[in-house]
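This is query-v1.txt (compact mmCIF, C-alpha atoms).
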```txt
# COMPACT_ATOMS: atom_id res chain seq x y z
CA MET A 29 113.00 110.51 103.70
CA ILE A 30 112.15 112.60 100.64
CA THR A 31 114.65 112.06 97.83
CA PRO A 32 114.67 112.98 94.12
CA ASP A 33 114.16 109.30 93.22
CA LEU A 34 111.09 109.12 95.50
CA ILE A 35 109.55 112.22 93.91
CA ILE A 36 110.20 110.88 90.39
CA ASN A 37 108.70 107.51 91.30
CA ILE A 38 105.58 109.10 92.79
CA LEU A 39 105.07 111.37 89.76
CA LEU A 40 105.57 108.42 87.41
CA ILE A 41 103.12 106.24 89.34
CA LEU A 42 100.49 108.97 89.49
CA THR A 43 100.84 109.80 85.78
CA VAL A 44 100.62 106.22 84.52
CA ALA A 45 97.85 105.33 87.01
CA TRP A 46 95.82 108.38 85.95
CA GLY A 47 96.32 107.61 82.26
CA LEU A 48 95.35 103.93 82.48
CA GLY A 49 92.52 104.74 84.87
CA SER A 50 91.08 107.25 82.40
CA LEU A 51 91.44 104.70 79.59
CA PHE A 52 89.56 102.03 81.52
CA SER A 53 86.90 104.57 82.48
CA ARG A 54 86.25 105.31 78.80
CA PHE A 55 85.29 101.65 78.33
CA GLY A 56 82.94 101.73 81.31
CA LEU A 57 85.31 99.80 83.57
CA PRO A 58 86.34 100.75 87.12
CA VAL A 59 89.24 103.17 87.30
CA MET A 60 90.87 100.95 89.93
CA LEU A 61 91.54 98.24 87.31
CA GLY A 62 93.64 100.66 85.30
CA GLU A 63 95.48 101.78 88.41
CA LEU A 64 96.25 98.18 89.33
CA LEU A 65 97.53 97.55 85.81
CA ALA A 66 99.81 100.57 86.20
CA GLY A 67 101.34 98.98 89.28
CA VAL A 68 101.91 95.71 87.44
CA LEU A 69 103.50 97.48 84.47
CA LEU A 70 105.81 99.75 86.47
CA GLY A 71 106.66 97.26 89.21
CA PRO A 72 108.89 94.17 89.30
CA PRO A 73 106.37 91.85 87.54
CA LEU A 74 107.02 93.52 84.14
CA LEU A 75 109.13 96.62 83.53
CA GLY A 76 110.63 97.08 86.99
CA VAL A 77 110.87 100.86 86.51
CA VAL A 78 109.71 101.61 90.05
CA THR A 79 111.53 99.84 92.86
CA SER A 80 110.29 99.51 96.40
CA SER A 81 111.65 101.69 99.18
CA PRO A 82 110.69 102.28 102.84
CA SER A 83 109.33 105.75 102.03
CA LEU A 84 107.25 104.50 99.10
CA GLU A 85 105.90 101.62 101.17
CA LEU A 86 104.94 104.04 103.96
CA ILE A 87 103.03 106.24 101.49
CA ALA A 88 101.27 103.15 100.13
CA GLU A 89 100.29 102.03 103.62
CA TRP A 90 98.87 105.46 104.41
CA GLY A 91 96.94 105.38 101.14
CA ILE A 92 95.36 102.06 102.09
CA PHE A 93 94.55 103.42 105.54
CA PHE A 94 92.74 106.47 104.21
CA VAL A 95 90.86 104.38 101.62
CA MET A 96 89.60 102.04 104.34
CA PHE A 97 88.81 104.97 106.66
CA TYR A 98 86.75 106.68 103.95
CA THR A 99 84.98 103.42 103.12
CA GLY A 100 84.11 102.88 106.77
CA MET A 101 82.71 106.40 107.04
CA GLU A 102 80.53 105.77 103.97
CA MET A 103 79.13 102.47 105.27
CA ASP A 104 76.04 102.19 107.46
CA PRO A 105 76.69 99.67 110.28
CA LYS A 106 72.97 98.89 110.57
CA LYS A 107 72.66 97.99 106.90
CA LEU A 108 75.89 96.04 107.09
CA LEU A 109 74.50 93.92 109.94
CA GLU A 110 71.22 93.45 108.07
CA GLN A 111 73.15 91.64 105.33
CA ILE A 112 75.21 89.50 107.70
CA TRP A 113 73.90 86.09 106.58
CA PRO A 114 74.25 86.69 102.82
CA SER A 115 77.69 88.15 103.54
CA LEU A 116 78.77 85.07 105.49
CA ALA A 117 77.50 82.78 102.73
CA VAL A 118 79.41 84.73 100.08
CA ALA A 119 82.53 84.84 102.28
CA LEU A 120 82.45 81.10 102.87
CA GLY A 121 82.15 80.35 99.17
CA GLY A 122 84.72 82.98 98.26
CA PHE A 123 87.20 81.50 100.73
CA VAL A 124 86.67 77.75 100.41
CA LEU A 125 86.49 77.45 96.61
CA PRO A 126 89.74 79.36 95.81
CA PHE A 127 91.49 77.60 98.69
CA VAL A 128 90.54 74.13 97.43
CA LEU A 129 91.36 74.95 93.80
CA GLY A 130 94.70 76.52 94.75
CA TYR A 131 95.61 73.54 96.92
CA PHE A 132 94.83 70.84 94.38
CA THR A 133 96.36 72.80 91.48
CA THR A 134 99.64 73.17 93.37
CA ARG A 135 99.59 69.50 94.30
CA LEU A 136 98.97 68.64 90.65
CA PHE A 137 102.16 70.48 89.67
CA GLY A 138 104.23 68.68 92.29
CA GLY A 139 103.99 71.00 95.27
CA THR A 140 104.29 69.73 98.83
CA ILE A 141 101.37 69.73 101.24
CA TYR A 142 102.55 72.89 103.00
CA GLN A 143 103.32 74.64 99.72
CA SER A 144 99.85 73.75 98.44
CA LEU A 145 98.21 74.97 101.63
CA PHE A 146 99.99 78.32 101.49
CA VAL A 147 99.18 78.79 97.78
CA GLY A 148 95.53 78.02 98.51
CA MET A 149 95.69 80.49 101.36
CA GLY A 150 97.19 83.16 99.12
CA VAL A 151 94.57 82.93 96.36
CA SER A 152 91.68 82.88 98.85
CA ILE A 153 92.56 86.21 100.50
CA THR A 154 90.54 89.18 99.28
CA ALA A 155 91.78 92.74 98.77
CA ILE A 156 89.12 94.61 100.74
CA ALA A 157 90.66 98.01 99.95
CA VAL A 158 90.42 97.32 96.19
CA GLN A 159 86.85 96.08 96.52
CA SER A 160 85.77 99.14 98.49
CA VAL A 161 87.25 101.53 95.91
CA ILE A 162 85.62 99.68 92.99
CA LEU A 163 82.24 99.68 94.75
CA HIS A 164 82.53 103.40 95.41
CA GLN A 165 83.56 104.15 91.82
CA MET A 166 80.59 102.14 90.53
CA LYS A 167 78.33 104.02 93.01
CA ILE A 168 76.94 100.82 94.54
CA ASN A 169 78.76 101.01 97.88
CA ARG A 170 75.57 102.04 99.73
CA THR A 171 73.32 99.48 98.05
CA PRO A 172 72.45 96.07 99.60
CA LEU A 173 74.85 94.46 97.12
CA GLY A 174 77.64 96.77 98.23
CA HIS A 175 77.06 95.95 101.89
CA ILE A 176 77.05 92.22 101.09
CA VAL A 177 80.35 92.49 99.23
CA ILE A 178 82.05 94.50 101.98
CA GLY A 179 80.62 92.25 104.71
CA ALA A 180 81.83 89.18 102.82
CA ALA A 181 85.29 90.74 102.42
CA ILE A 182 85.49 91.44 106.17
CA ALA A 183 84.43 87.90 107.04
CA ASP A 184 86.83 86.53 104.42
CA ASP A 185 89.73 88.42 105.97
CA ILE A 186 88.83 87.09 109.41
CA LEU A 187 88.78 83.52 108.07
CA SER A 188 92.11 84.18 106.33
CA LEU A 189 93.75 85.41 109.55
CA ILE A 190 92.56 82.33 111.42
CA ALA A 191 93.65 79.96 108.66
CA LEU A 192 97.03 81.69 108.35
CA SER A 193 97.71 81.36 112.08
CA VAL A 194 96.84 77.67 111.90
CA LEU A 195 99.13 77.11 108.89
CA LEU A 196 102.03 78.98 110.47
CA GLY A 197 101.65 76.89 113.61
CA LEU A 198 101.65 73.69 111.56
CA ALA A 199 104.66 74.77 109.52
CA LYS A 200 106.74 75.77 112.56
CA THR A 201 105.89 73.18 115.19
CA GLY A 202 103.63 70.67 113.46
CA THR A 203 100.86 71.47 115.93
CA VAL A 204 98.06 74.02 116.21
CA LYS A 205 98.11 76.25 119.27
CA SER A 206 94.47 76.80 120.11
CA ALA A 207 95.33 79.63 122.52
CA GLU A 208 96.95 81.71 119.76
CA VAL A 209 94.08 81.07 117.38
CA SER A 210 91.55 82.03 120.06
CA LEU A 211 93.50 85.20 120.84
CA ILE A 212 93.42 86.22 117.16
CA VAL A 213 89.67 85.60 116.99
CA VAL A 214 89.11 87.70 120.14
CA LYS A 215 91.28 90.55 118.82
CA VAL A 216 89.53 90.60 115.44
CA ALA A 217 86.07 90.39 117.01
CA GLY A 218 86.97 93.13 119.49
CA PHE A 219 88.30 95.39 116.75
CA PHE A 220 85.21 95.10 114.56
CA GLY A 221 82.91 95.29 117.59
CA LEU A 222 84.57 98.51 118.76
CA THR A 223 84.49 99.92 115.22
CA ILE A 224 80.76 99.20 114.86
CA LEU A 225 79.98 100.73 118.27
CA LEU A 226 81.97 103.88 117.49
CA GLY A 227 80.40 104.16 114.05
CA HIS A 228 76.89 103.61 115.40
CA TYR A 229 76.93 105.74 118.56
CA VAL A 230 79.91 108.11 118.71
CA ILE A 231 80.47 109.30 115.13
CA PRO A 232 76.79 110.20 114.43
CA LYS A 233 76.69 112.42 117.55
CA PHE A 234 79.92 114.12 116.58
CA THR A 235 78.81 114.76 112.98
CA ALA A 236 75.41 116.01 114.19
CA ARG A 237 77.10 118.57 116.45
CA LEU A 238 79.44 119.53 113.62
CA MET A 239 76.56 120.15 111.21
CA THR A 240 74.66 122.11 113.88
CA GLY A 241 77.67 124.34 114.45
CA ARG A 242 78.01 125.00 110.73
CA GLU A 243 74.35 125.88 110.37
CA ARG A 244 74.54 128.37 113.21
CA GLY A 245 77.75 129.83 111.86
CA SER A 246 79.40 129.52 115.26
CA PRO A 247 82.45 127.49 116.32
CA LEU A 248 82.01 124.19 118.07
CA PRO A 249 81.98 124.38 121.90
```

Final structure tokens representation of the file:
Amino acid sequence: MITPDLIINILLILTVAWGLGSLFSRFGLPVMLGELLAGVLLGPPLLGVVTSSPSLELIAEWGIFFVMFYTGMEMDPKKLLEQIWPSLAVALGGFVLPFVLGYFTTRLFGGTIYQSLFVGMGVSITAIAVQSVILHQMKINRTPLGHIVIGAAIADDILSLIALSVLLGLAKTGTVKSAEVSLIVVKVAGFFGLTILLGHYVIPKFTARLMTGRERGSPLP
């Protein structure tokens, strides 16, 4: 529901995010870093000027969706698969090292085993939407390095989903339900498999017909 408070919050977020993003850009840094800092400043961590609401959360979710959609359209599935082994190596290191450090740091400060596991889980999860925007802003999203980073982020998120399901099972029942873990793996694999197939076979044909129609100056059949 659109309310005066929602409009004020959106205008405030956009203004501060644009200002800090421009400031970071002047120093040769990604604009996304300034936008993230704007969220930290305005949100509960510091000033608490902007409070969460269902409408604001919905807008944020749609923003993430369109960012990921645009990133997927910019990526080449063939080149992404060509970098699969470097991506998996980066993902494994980017998941295991933060997880281990988060676990032992929490244990060092007196946390329980489950608390330490969940903290390690939290610090090992990547923000793929943030990474994709930064890569695009730095104009390296179509380079081999960009495909490795995105591939590693995808693999990291898959590992995180599996690990999270295992931890939730341990925390609730003390056991790991292999059927639920297997179902998550199948769903994730099916989603990415379908996405790659659509991006490789369906979308190129559609865009080719669209460009042909534009060149002829006639509407699509």

Box along x, y and z, 4 Å on every side, all listed atoms of region 44-63 of chain A inside: centre and edge lengths in Å to one decimal, as lines of an AutoDock Vina configuration file.
```
center_x = 91.8
center_y = 103.3
center_z = 84.1
size_x = 25.7
size_y = 18.1
size_z = 19.6
```

Have a look at A:Gly62, A:Gly138, A:Gly218, A:Pro126 and name the one nearest to Ser188 (chain A); count all atoms listed in the file.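 Closest candidate: A:Pro126.
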
With only C-alpha atoms as the counted atoms, please give the residues lying no more than 7 Å from Gln165 (chain A), apart from itself and same-chain residues fewer than 3 positions off, as a CSV table (one decimal) with C-alpha atoms, in the coordinates of the input.
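As written to disk, around17.csv reads:
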```
chain,number,residue,atom,x,y,z
A,58,PRO,CA,86.3,100.8,87.1
A,161,VAL,CA,87.2,101.5,95.9
A,162,ILE,CA,85.6,99.7,93.0
```

Could you state the separation of CA of Met60 (chain A) and CA of Val147 (chain A) in Å, given to one decimal place?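 Atom-to-atom, CA of Met60 (chain A) and CA of Val147 (chain A) are spaced 24.9 Å apart.
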
To one decimal place in Å, what is the distance between CA of Ser115 (chain A) and CA of Ile153 (chain A)?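 Spanning CA of Ser115 (chain A) to CA of Ile153 (chain A) is a straight-line distance of 15.3 Å.
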
Rounded to one decimal place, report the CA of Phe93 (chain A)-CA of Val230 (chain A) distance in Å.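 CA of Val230 (chain A) lies 20.2 Å from CA of Phe93 (chain A).
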
Nearest to Gly67 (chain A) by atom-to-atom distance, counting only C-alpha atoms, from A:Val158, A:Leu51, A:Ile41, A:Leu192: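 Smallest distance to Gly67 (chain A) is found for A:Ile41.
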
Given only C-alpha atoms as the counted atoms, nearest of A:Pro172, A:Gly148, A:Phe97, A:Asp33 to Arg135 (chain A):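 Among A:Pro172, A:Gly148, A:Phe97, A:Asp33, it is A:Gly148 that comes nearest to Arg135 (chain A).
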
Identify which of the residues A:Thr79, A:Phe132, A:Phe52, A:Ala180 lies closest to Ala119 (chain A), counting all atoms listed in the file when measuring atom-to-atom distances. A:Ala180

Which residue gives the smallest distance to Leu225 (chain A) among A:Val44, A:Met96, A:Val77, A:Lys106, with only C-alpha atoms counted?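 Using only C-alpha atoms, the shortest distance to Leu225 (chain A) belongs to A:Lys106.
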
Which neighbours of Gln111 (chain A) fall inside 9 Å, counting all atoms listed in the file, when residues of the same chain fewer than 2 positions from it are skipped, and could you give them as a list in words?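 Neighbouring residues, sequence-local ones excluded: Lys106, Lys107, Leu108, Leu109, Trp113, Pro114, Ser115, Leu116, Pro172, Leu173, His175, Ile176 and Gly179 of chain A.
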
Atoms kept (C-alpha atoms) for selection, written as a PDB file, in the frame of the given file:
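In the end it all went to out-v1.pdb:
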```pdb
ATOM      1  CA  LYS A 106      72.970  98.890 110.570  1.00  0.00           C
ATOM      2  CA  LYS A 107      72.660  97.990 106.900  1.00  0.00           C
ATOM      3  CA  LEU A 108      75.890  96.040 107.090  1.00  0.00           C
ATOM      4  CA  LEU A 109      74.500  93.920 109.940  1.00  0.00           C
ATOM      5  CA  TRP A 113      73.900  86.090 106.580  1.00  0.00           C
ATOM      6  CA  PRO A 114      74.250  86.690 102.820  1.00  0.00           C
ATOM      7  CA  SER A 115      77.690  88.150 103.540  1.00  0.00           C
ATOM      8  CA  LEU A 116      78.770  85.070 105.490  1.00  0.00           C
ATOM      9  CA  PRO A 172      72.450  96.070  99.600  1.00  0.00           C
ATOM     10  CA  LEU A 173      74.850  94.460  97.120  1.00  0.00           C
ATOM     11  CA  HIS A 175      77.060  95.950 101.890  1.00  0.00           C
ATOM     12  CA  ILE A 176      77.050  92.220 101.090  1.00  0.00           C
ATOM     13  CA  GLY A 179      80.620  92.250 104.710  1.00  0.00           C
TER      14      GLY A 179
END
```

Name the residues in contact with Val216 (chain A) at a cut-off of 12 Å, using only C-alpha atoms, excluding same-chain residues fewer than 6 positions from it; report them as a ChimeraX atom specification. /A:182-183,185-190,209-210,222-223

Save region 138-154 of chain A from what I just supplied, as a PDB file, in the first residue's frame, atoms limited to N, CA and C atoms.
```pdb
ATOM      1  N   GLY A 138      32.862 -17.894  23.455  1.00  0.00           N
ATOM      2  CA  GLY A 138      31.930 -18.574  24.342  1.00  0.00           C
ATOM      3  C   GLY A 138      30.637 -19.034  23.709  1.00  0.00           C
ATOM      4  N   GLY A 139      30.538 -19.050  22.407  1.00  0.00           N
ATOM      5  CA  GLY A 139      29.320 -19.502  21.757  1.00  0.00           C
ATOM      6  C   GLY A 139      29.176 -21.017  21.801  1.00  0.00           C
ATOM      7  N   THR A 140      27.932 -21.485  21.734  1.00  0.00           N
ATOM      8  CA  THR A 140      27.692 -22.922  21.703  1.00  0.00           C
ATOM      9  C   THR A 140      28.036 -23.474  20.317  1.00  0.00           C
ATOM     10  N   ILE A 141      27.978 -24.784  20.204  1.00  0.00           N
ATOM     11  CA  ILE A 141      28.302 -25.412  18.917  1.00  0.00           C
ATOM     12  C   ILE A 141      27.325 -24.965  17.836  1.00  0.00           C
ATOM     13  N   TYR A 142      26.020 -24.977  18.162  1.00  0.00           N
ATOM     14  CA  TYR A 142      25.027 -24.588  17.166  1.00  0.00           C
ATOM     15  C   TYR A 142      25.130 -23.103  16.824  1.00  0.00           C
ATOM     16  N   GLN A 143      25.366 -22.271  17.844  1.00  0.00           N
ATOM     17  CA  GLN A 143      25.549 -20.846  17.575  1.00  0.00           C
ATOM     18  C   GLN A 143      26.752 -20.616  16.663  1.00  0.00           C
ATOM     19  N   SER A 144      27.831 -21.327  16.927  1.00  0.00           N
ATOM     20  CA  SER A 144      29.041 -21.182  16.119  1.00  0.00           C
ATOM     21  C   SER A 144      28.813 -21.650  14.692  1.00  0.00           C
ATOM     22  N   LEU A 145      28.066 -22.741  14.539  1.00  0.00           N
ATOM     23  CA  LEU A 145      27.778 -23.245  13.201  1.00  0.00           C
ATOM     24  C   LEU A 145      26.943 -22.255  12.397  1.00  0.00           C
ATOM     25  N   PHE A 146      25.938 -21.653  13.045  1.00  0.00           N
ATOM     26  CA  PHE A 146      25.087 -20.709  12.333  1.00  0.00           C
ATOM     27  C   PHE A 146      25.827 -19.405  12.013  1.00  0.00           C
ATOM     28  N   VAL A 147      26.720 -18.963  12.903  1.00  0.00           N
ATOM     29  CA  VAL A 147      27.527 -17.778  12.604  1.00  0.00           C
ATOM     30  C   VAL A 147      28.456 -18.060  11.423  1.00  0.00           C
ATOM     31  N   GLY A 148      29.102 -19.230  11.449  1.00  0.00           N
ATOM     32  CA  GLY A 148      29.946 -19.614  10.320  1.00  0.00           C
ATOM     33  C   GLY A 148      29.165 -19.695   9.035  1.00  0.00           C
ATOM     34  N   MET A 149      27.930 -20.189   9.135  1.00  0.00           N
ATOM     35  CA  MET A 149      27.065 -20.265   7.963  1.00  0.00           C
ATOM     36  C   MET A 149      26.742 -18.870   7.440  1.00  0.00           C
ATOM     37  N   GLY A 150      26.456 -17.949   8.376  1.00  0.00           N
ATOM     38  CA  GLY A 150      26.080 -16.594   7.976  1.00  0.00           C
ATOM     39  C   GLY A 150      27.195 -15.846   7.261  1.00  0.00           C
ATOM     40  N   VAL A 151      28.427 -15.972   7.752  1.00  0.00           N
ATOM     41  CA  VAL A 151      29.532 -15.221   7.138  1.00  0.00           C
ATOM     42  C   VAL A 151      30.035 -15.873   5.859  1.00  0.00           C
ATOM     43  N   SER A 152      29.636 -17.109   5.596  1.00  0.00           N
ATOM     44  CA  SER A 152      30.103 -17.791   4.385  1.00  0.00           C
ATOM     45  C   SER A 152      29.173 -17.609   3.199  1.00  0.00           C
ATOM     46  N   ILE A 153      27.981 -17.041   3.430  1.00  0.00           N
ATOM     47  CA  ILE A 153      27.011 -16.842   2.351  1.00  0.00           C
ATOM     48  C   ILE A 153      27.387 -15.596   1.561  1.00  0.00           C
ATOM     49  N   THR A 154      27.356 -15.703   0.260  1.00  0.00           N
ATOM     50  CA  THR A 154      27.690 -14.568  -0.608  1.00  0.00           C
ATOM     51  C   THR A 154      26.425 -13.833  -1.040  1.00  0.00           C
TER      52      THR A 154
END
```
